[in-house]
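The next block holds one structure in the form of structure tokens; read it before the comments.
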Amino acid sequence: MSAPTGSTVITCSERLGVVTRRGKRKRERISGGGRVSVTNRLWTHLGFLFYVSFLALARLSFSQPTGSVDTNETLLTAASASVEAGSSSSDLNRVRSGRQVFPGADSCSFGSGDQPELCGWSHSNLSSLHWELSHGLNSNWIGGPVEDGSEDKEGGYLVFETSQIPNISGRSSQSAVLEGPVHPPTSALGGCLSFKYSLDGLSPEKMRVLLHPILQSEGRYVFDGLSQLLSRDGDHGQDVVLWETRDSTDGKWRTAEVVYTCRHPHQIYLEGIPREPSQLSRRYRGFIAIDDVMFKTADQCPGHCTFDGGLCDWTNEQQDDFDWTLGRGSQNPATGPIMDRASYTHGGSSGGYAFIDSSFPRRSGDRARLSSREFSSTKGDSPLCMRFWTHMYGNGIGTLRVIVHDVEDDQDRVIWSLSGEAGNAWYQGQVPISSFTAFKIVFEGEVGKNNLGDIAIDDLSFAPGACPSAPQTAAGLSGDCTFEIDECGWANVGPASRTDEMDWERRLGSNARTAISDHTIGSPTGNFMTLSGLSVQRAGDRAWMTSPSFNGSSKPRCISFWYYMHEPFIDTSGPSLGGLKVYTKPAPSASSNNDLAYHQPKMTPIWRLYNQQAPVWKYAQAKFMEAEPVQIVFEGIHGSSRANGFVGIDDIAFFEGDCTTMPESAYVNEGECSFEKDMCNWKNTSSDLVYRWQLATITRRPANLPDKTFGAPVGYAYFDIFSQNPQGPPVRLVSMVPATGDRMCFSFWYAGFGAGESTVLRVLTAEPKSPDSDSSDDDEGTQVWKLTAANLNTQSPIWRPAQVSMDGSNPMRIILEGQANNGGFAIDDISFHPGECTIRPKEAGNTE
């Protein structure tokens, strides 16, 4: 399943397991940083003694521990709120003047352009890489987003420029670490860390949030008051990764929430990790930015729950058969977990979980429903990813379901389901959440065949963005797939269809032409789908992969996925990697053969990109809405690249929503066409086999002209007329184009050949026409673009760009009309773009 990209929950237990940063590395002892004068040290000591009681009262911690707090722990927290590790003399002067050095220990927006501040955070002395205070006006100079998290260009934020190569003499870290203030132990209800983050560029590897528990040394904390206020164990081998993300946000801000509990005083670290210096992408500019960091109580981050202090804002429904209950360890060694998820993962014996008790008087088929608070409807581009841990051990295990309950219609929709025993261990599950109306999320546990069927859940969290359902067996036929186990019902078309020449194949990242990490687990040992290198004959060869069939719906739905399109070496002729397209097509009926050749379905493009994009995984999504059963088709197109390019897809997910196309450049208008295998939605108005537009073939193409898209021998449309009539008959290619709103730019590529004086190409627009209309297209249309081949080198035709603006506020027909008596025009790569554009070439603007 995908690495967390928004939120998580975790418990800091009594004995934390070793989770070190960057594999085997340890953090060095945290020191007080730079040297200070004897006078400043004295002021530090006296200032602390004078203000410690005031600061202890003024400090606003995000969560108070239950019961009494040890005097030394109170002193520790007050001290951490007084002087910043590595503080400068100006910091100490602020203490002397009575100003708290950590004025925003619970909240920090990092000031503004002229008054930046770190609040209660400080730079780690682990490496020479550091976060830097900046603002949007410095984004092109220092790096970072053009606005802070509140959309203020002068608002402050922290940024880590990831392309820098540090001097790491005597230091083992390759990351930038920001240390938070010391917090007391949380209550059983936990605390919540909220922050905004932004990643962009090729050089960032990932960002992490770590929990550093401060364990007592000989039962007490030590204050020396000179070089630093705290002297504690510097071993960071017990730090726990609370949250991490590897996904670029393309410079936009996203919000993360992290709920956790910890029985010890602790610090939170924010860590930015760049790519390894040995990787070429490390040299490219990139950044990780942080803003609006807040510590809150756990109830201010609704939906998240560790079950250490109760059911949080989840409630047992009254209309079911029995209730979910809280537990710390099973009473029966033959079923249920021995401890909560965090204790199981990190060691220790603190923490709880929620479970269904299948013992007497429960019977097979009894159901318990645990319901969330009411959520507002999700916006088209704002689905949620819910992550949780589940334990299903016992030979009587029944079924665990995740249900979206529509509050308005009082209807349930099962979106995740898992049945049967899964072993005596905790496993993480995830599922995309979306709804057009207000909704609740329900965990439904159903008792199995006997009383050895306890089902437990723990550590619920929510993150923005879609994610594929996991494990794959819980997704059913939803179409979601991580490709870690199998293809989840996605399949290559049969050879009898003769619609493609290649296949998609599931492959390990380590087995790619150049080893890469998959998107799901971020490792070369992960799997994804890529184009097979076998049976590649020529540029333009295609591979089709179809989804399971989906029921029709009157509501829009979205497909999201991650794509990798990279061509390390580009020929002098230009990019030639190939293409990736996504289509919808009618699903075959139960009585028909599933092979595409038998029913020739209409393929509707909903997403497409060509050639080189980036040497990283990028997010994509597209909307589709079909009233009848439908399938999704991924089409991979092989270009003329010399076997050094790579096209891959991973982590497919579906969700309800009126989403926009991402990236914007992948938007497809219905009239777009690259003429690789057919004419898309463009139709000849003439049935004559000679005087008409036609597709280029190996044996019949003008002047051996190659395809514009991939340099293939075929893959474009043309007309070639030889007539005794001086004016020659016109040929028309017509397509219906839906409204796009306001102005739009119609663009294509053309090449002229033959006798140029009489060879003409025109673009016309016309009103929509009913399919049942008997009127002809021959004399209809308003001319908006016209070009003769008189000034072109028709003996050696080359591809040239063309474009013209049109009114896109209403549906219309676009007509490509050709006329010649000894020659013709070829066209390729028709596309549409929003907005106005200058007519090209200029001489085509004379439409008289």
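All residue names refer to the structure tokens as shown: chains lettered A, B, ... in order, residues numbered from 1 in each chain, ligands numbered from 1 in order.
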Residues at most 6 Å from Trp785 (chain A), counting only C-alpha atoms, excluding those fewer than 3 positions away in the same chain, as a PyMOL selection string? chain A and resi 762-763+844-845+847
Any chance you could list, as a PDB file with N, CA and C atoms, in the first residue's frame, the residues in region 431-574 of chain A that come up helix (DSSP H, G or I) when DSSP is run on the backbone?
```
ATOM      1  N   GLN A 472      -5.131  -6.253  -1.263  1.00  0.00           N
ATOM      2  CA  GLN A 472      -5.845  -6.375  -2.526  1.00  0.00           C
ATOM      3  C   GLN A 472      -7.068  -7.275  -2.427  1.00  0.00           C
ATOM      4  N   THR A 473      -7.009  -8.298  -1.575  1.00  0.00           N
ATOM      5  CA  THR A 473      -8.149  -9.209  -1.448  1.00  0.00           C
ATOM      6  C   THR A 473      -9.366  -8.519  -0.860  1.00  0.00           C
ATOM      7  N   ALA A 474      -9.169  -7.391  -0.162  1.00  0.00           N
ATOM      8  CA  ALA A 474     -10.301  -6.670   0.417  1.00  0.00           C
ATOM      9  C   ALA A 474     -10.957  -5.739  -0.585  1.00  0.00           C
ATOM     10  N   ALA A 475     -10.290  -5.491  -1.707  1.00  0.00           N
ATOM     11  CA  ALA A 475     -10.815  -4.548  -2.686  1.00  0.00           C
ATOM     12  C   ALA A 475     -11.879  -5.172  -3.573  1.00  0.00           C
ATOM     13  N   PRO A 495      -5.345 -12.265 -28.030  1.00  0.00           N
ATOM     14  CA  PRO A 495      -4.687 -12.126 -29.343  1.00  0.00           C
ATOM     15  C   PRO A 495      -5.671 -12.116 -30.496  1.00  0.00           C
ATOM     16  N   ALA A 496      -6.842 -12.701 -30.304  1.00  0.00           N
ATOM     17  CA  ALA A 496      -7.816 -12.738 -31.396  1.00  0.00           C
ATOM     18  C   ALA A 496      -8.374 -11.361 -31.720  1.00  0.00           C
ATOM     19  N   SER A 497      -8.242 -10.423 -30.811  1.00  0.00           N
ATOM     20  CA  SER A 497      -8.811  -9.096 -31.037  1.00  0.00           C
ATOM     21  C   SER A 497      -8.053  -8.319 -32.103  1.00  0.00           C
ATOM     22  N   GLY A 509      10.612  -3.609  -9.649  1.00  0.00           N
ATOM     23  CA  GLY A 509      11.413  -2.441  -9.980  1.00  0.00           C
ATOM     24  C   GLY A 509      12.861  -2.788 -10.253  1.00  0.00           C
ATOM     25  N   SER A 510      13.367  -3.812  -9.561  1.00  0.00           N
ATOM     26  CA  SER A 510      14.755  -4.218  -9.756  1.00  0.00           C
ATOM     27  C   SER A 510      14.979  -4.857 -11.110  1.00  0.00           C
ATOM     28  N   ASN A 511      13.896  -5.286 -11.779  1.00  0.00           N
ATOM     29  CA  ASN A 511      14.022  -5.935 -13.078  1.00  0.00           C
ATOM     30  C   ASN A 511      13.746  -4.997 -14.239  1.00  0.00           C
TER      31      ASN A 511
END
```
From a backbone DSSP assignment, name each residue in region 279-492 of chain A labelled strand (DSSP E), as a ChimeraX atom specification. /A:286-297,315-316,325-327,353-356,367-371,384-392,399-406,411-419,427-433,439-446,455-464,491-492
Give me, as a tab-separated table, each residue of region 698-762 of chain A that comes within 12 Å of region 790-810 of chain A, together with its shortest interatomic pair and the distance in Å at one decimal, counting only C-alpha atoms, with rows ordered by chain and rising residue number.
```
residue	atom	partner	partner_atom	distance
A:Pro702	CA	A:Pro797	CA	8.9
A:Ala703	CA	A:Ser796	CA	7.2
A:Asn704	CA	A:Pro797	CA	9.3
A:Leu705	CA	A:Pro797	CA	7.1
A:Pro706	CA	A:Ile798	CA	9.0
A:Asp707	CA	A:Trp799	CA	9.0
A:Lys708	CA	A:Trp799	CA	6.8
A:Thr709	CA	A:Trp799	CA	10.3
A:Gly711	CA	A:Trp799	CA	10.9
A:Tyr716	CA	A:Trp799	CA	11.2
A:Met736	CA	A:Asn810	CA	11.1
A:Val737	CA	A:Gly808	CA	8.8
A:Pro738	CA	A:Asn810	CA	7.0
A:Ala739	CA	A:Asn810	CA	4.6
A:Thr740	CA	A:Gly808	CA	5.0
A:Gly741	CA	A:Ser809	CA	4.3
A:Asp742	CA	A:Ser809	CA	4.8
A:Arg743	CA	A:Asp807	CA	4.7
A:Met744	CA	A:Met806	CA	5.4
A:Cys745	CA	A:Ser805	CA	4.5
A:Phe746	CA	A:Val804	CA	5.4
A:Ser747	CA	A:Gln803	CA	4.1
A:Phe748	CA	A:Ala802	CA	5.4
A:Trp749	CA	A:Pro801	CA	4.6
A:Tyr750	CA	A:Arg800	CA	5.4
A:Ala751	CA	A:Trp799	CA	4.9
A:Gly752	CA	A:Thr794	CA	5.5
A:Phe753	CA	A:Thr794	CA	3.9
A:Gly754	CA	A:Thr794	CA	5.5
A:Ala755	CA	A:Thr794	CA	7.2
A:Gly756	CA	A:Ala790	CA	4.2
A:Glu757	CA	A:Ala790	CA	4.6
A:Ser758	CA	A:Ala790	CA	7.7
A:Thr759	CA	A:Ala790	CA	7.5
A:Val760	CA	A:Ala790	CA	8.9
A:Leu761	CA	A:Ala802	CA	11.3
A:Arg762	CA	A:Ala802	CA	11.3
```
Those selected residues, please, written with N, CA, C and O atoms and delivered as a short mmCIF file (atom, residue, chain, number, x, y, z; two decimals), in the first residue's frame.
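And here's out_12.cif as it stands now:
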```cif
data_model
loop_
_atom_site.label_atom_id
_atom_site.label_comp_id
_atom_site.auth_asym_id
_atom_site.auth_seq_id
_atom_site.Cartn_x
_atom_site.Cartn_y
_atom_site.Cartn_z
N PRO A 702 1.99 9.32 -48.40
CA PRO A 702 2.54 10.34 -49.29
C PRO A 702 4.02 10.64 -49.01
O PRO A 702 4.41 10.91 -47.87
N ALA A 703 4.84 10.55 -50.05
CA ALA A 703 6.25 10.95 -50.02
C ALA A 703 7.01 10.31 -48.87
O ALA A 703 7.93 10.92 -48.32
N ASN A 704 6.63 9.10 -48.47
CA ASN A 704 7.27 8.40 -47.34
C ASN A 704 7.31 9.25 -46.07
O ASN A 704 8.25 9.18 -45.28
N LEU A 705 6.29 10.07 -45.89
CA LEU A 705 6.21 10.96 -44.73
C LEU A 705 6.04 10.14 -43.46
O LEU A 705 5.13 9.31 -43.37
N PRO A 706 6.88 10.35 -42.42
CA PRO A 706 6.71 9.61 -41.16
C PRO A 706 5.64 10.26 -40.30
O PRO A 706 5.24 11.41 -40.50
N ASP A 707 5.21 9.53 -39.30
CA ASP A 707 4.23 10.02 -38.32
C ASP A 707 4.84 11.14 -37.49
O ASP A 707 6.01 11.11 -37.12
N LYS A 708 4.06 12.19 -37.19
CA LYS A 708 4.56 13.30 -36.38
C LYS A 708 4.70 12.89 -34.93
O LYS A 708 5.64 13.32 -34.24
N THR A 709 3.80 12.07 -34.41
CA THR A 709 3.76 11.78 -32.98
C THR A 709 4.99 11.02 -32.52
O THR A 709 5.65 11.40 -31.54
N GLY A 711 7.33 9.43 -34.99
CA GLY A 711 8.27 9.15 -36.07
C GLY A 711 8.08 7.79 -36.68
O GLY A 711 8.98 7.24 -37.32
N TYR A 716 -1.06 8.80 -39.10
CA TYR A 716 -1.61 10.12 -39.42
C TYR A 716 -2.67 9.95 -40.51
O TYR A 716 -2.80 8.89 -41.12
N MET A 736 -17.68 16.16 -34.08
CA MET A 736 -18.52 16.90 -33.12
C MET A 736 -17.68 17.20 -31.89
O MET A 736 -17.08 16.30 -31.29
N VAL A 737 -17.61 18.48 -31.49
CA VAL A 737 -16.79 18.90 -30.35
C VAL A 737 -17.69 19.50 -29.29
O VAL A 737 -18.46 20.43 -29.58
N PRO A 738 -17.66 18.99 -28.05
CA PRO A 738 -18.52 19.55 -26.99
C PRO A 738 -18.04 20.92 -26.56
O PRO A 738 -16.93 21.34 -26.86
N ALA A 739 -18.90 21.63 -25.84
CA ALA A 739 -18.55 22.95 -25.33
C ALA A 739 -17.43 22.84 -24.31
O ALA A 739 -17.41 21.93 -23.49
N THR A 740 -16.50 23.78 -24.39
CA THR A 740 -15.38 23.80 -23.45
C THR A 740 -15.41 25.03 -22.55
O THR A 740 -14.67 25.12 -21.59
N GLY A 741 -16.28 26.01 -22.88
CA GLY A 741 -16.36 27.23 -22.09
C GLY A 741 -15.49 28.33 -22.65
O GLY A 741 -14.28 28.15 -22.81
N ASP A 742 -16.07 29.48 -22.96
CA ASP A 742 -15.36 30.64 -23.48
C ASP A 742 -14.57 30.28 -24.75
O ASP A 742 -15.02 29.52 -25.57
N ARG A 743 -13.35 30.82 -24.85
CA ARG A 743 -12.54 30.61 -26.03
C ARG A 743 -11.69 29.34 -25.90
O ARG A 743 -11.33 28.93 -24.79
N MET A 744 -11.39 28.75 -27.04
CA MET A 744 -10.49 27.60 -27.05
C MET A 744 -9.58 27.69 -28.27
O MET A 744 -9.90 28.36 -29.26
N CYS A 745 -8.46 26.99 -28.16
CA CYS A 745 -7.48 26.97 -29.24
C CYS A 745 -7.48 25.58 -29.88
O CYS A 745 -7.23 24.59 -29.20
N PHE A 746 -7.76 25.55 -31.17
CA PHE A 746 -7.74 24.30 -31.94
C PHE A 746 -6.38 24.23 -32.63
O PHE A 746 -5.99 25.13 -33.37
N SER A 747 -5.62 23.15 -32.36
CA SER A 747 -4.27 23.04 -32.93
C SER A 747 -4.08 21.68 -33.58
O SER A 747 -4.72 20.70 -33.20
N PHE A 748 -3.19 21.65 -34.57
CA PHE A 748 -2.86 20.41 -35.25
C PHE A 748 -1.55 20.61 -36.00
O PHE A 748 -0.99 21.71 -36.03
N TRP A 749 -1.04 19.55 -36.61
CA TRP A 749 0.17 19.61 -37.44
C TRP A 749 -0.22 19.24 -38.87
O TRP A 749 -1.08 18.38 -39.07
N TYR A 750 0.41 19.88 -39.81
CA TYR A 750 0.09 19.63 -41.21
C TYR A 750 1.36 19.50 -42.04
O TYR A 750 2.44 19.98 -41.66
N ALA A 751 1.24 18.82 -43.19
CA ALA A 751 2.32 18.72 -44.17
C ALA A 751 1.68 18.69 -45.55
O ALA A 751 0.73 17.93 -45.78
N GLY A 752 2.16 19.55 -46.48
CA GLY A 752 1.60 19.61 -47.82
C GLY A 752 2.50 18.93 -48.84
O GLY A 752 3.73 18.91 -48.69
N PHE A 753 1.93 18.37 -49.88
CA PHE A 753 2.70 17.69 -50.91
C PHE A 753 1.97 17.81 -52.26
O PHE A 753 0.77 18.12 -52.30
N GLY A 754 2.68 17.57 -53.35
CA GLY A 754 2.08 17.61 -54.67
C GLY A 754 2.17 18.99 -55.29
O GLY A 754 3.06 19.80 -54.99
N ALA A 755 1.24 19.29 -56.20
CA ALA A 755 1.19 20.58 -56.89
C ALA A 755 0.60 21.62 -55.94
O ALA A 755 -0.59 21.63 -55.66
N GLY A 756 1.46 22.48 -55.43
CA GLY A 756 1.05 23.38 -54.36
C GLY A 756 0.04 24.42 -54.74
O GLY A 756 -0.78 24.83 -53.91
N GLU A 757 0.03 24.89 -56.00
CA GLU A 757 -0.85 26.00 -56.37
C GLU A 757 -2.32 25.66 -56.20
O GLU A 757 -3.14 26.52 -55.86
N SER A 758 -2.68 24.42 -56.44
CA SER A 758 -4.10 24.04 -56.37
C SER A 758 -4.46 23.26 -55.11
O SER A 758 -5.60 22.80 -54.97
N THR A 759 -3.49 23.08 -54.20
CA THR A 759 -3.71 22.25 -53.01
C THR A 759 -4.07 23.15 -51.84
O THR A 759 -3.28 24.02 -51.44
N VAL A 760 -5.26 22.95 -51.26
CA VAL A 760 -5.79 23.83 -50.24
C VAL A 760 -6.28 23.01 -49.04
O VAL A 760 -6.85 21.92 -49.21
N LEU A 761 -6.07 23.56 -47.84
CA LEU A 761 -6.62 22.97 -46.61
C LEU A 761 -7.36 24.07 -45.87
O LEU A 761 -6.83 25.17 -45.66
N ARG A 762 -8.58 23.78 -45.45
CA ARG A 762 -9.39 24.76 -44.73
C ARG A 762 -9.92 24.15 -43.44
O ARG A 762 -10.15 22.95 -43.35
#
```
Taking into account only C-alpha atoms, which residue in the set A:Val146, A:Ile273, A:Ile698, A:Ile516 is nearest to Lys252 (chain A)?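 Of the candidates, the smallest distance to Lys252 (chain A) is held by A:Val146.
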If we count only C-alpha atoms, what is near Pro213 (chain A) at a cut-off of 7 Å, once residues fewer than 6 positions away on the same chain are taken out, given as a PyMOL selection string? chain A and resi 239+264-267
Thr530 (chain A) environment, 6 Å, only C-alpha atoms, sequence neighbours closer than 4 positions dropped, as a list in words: Trp504, Glu505, Val647 and Gly648 of chain A
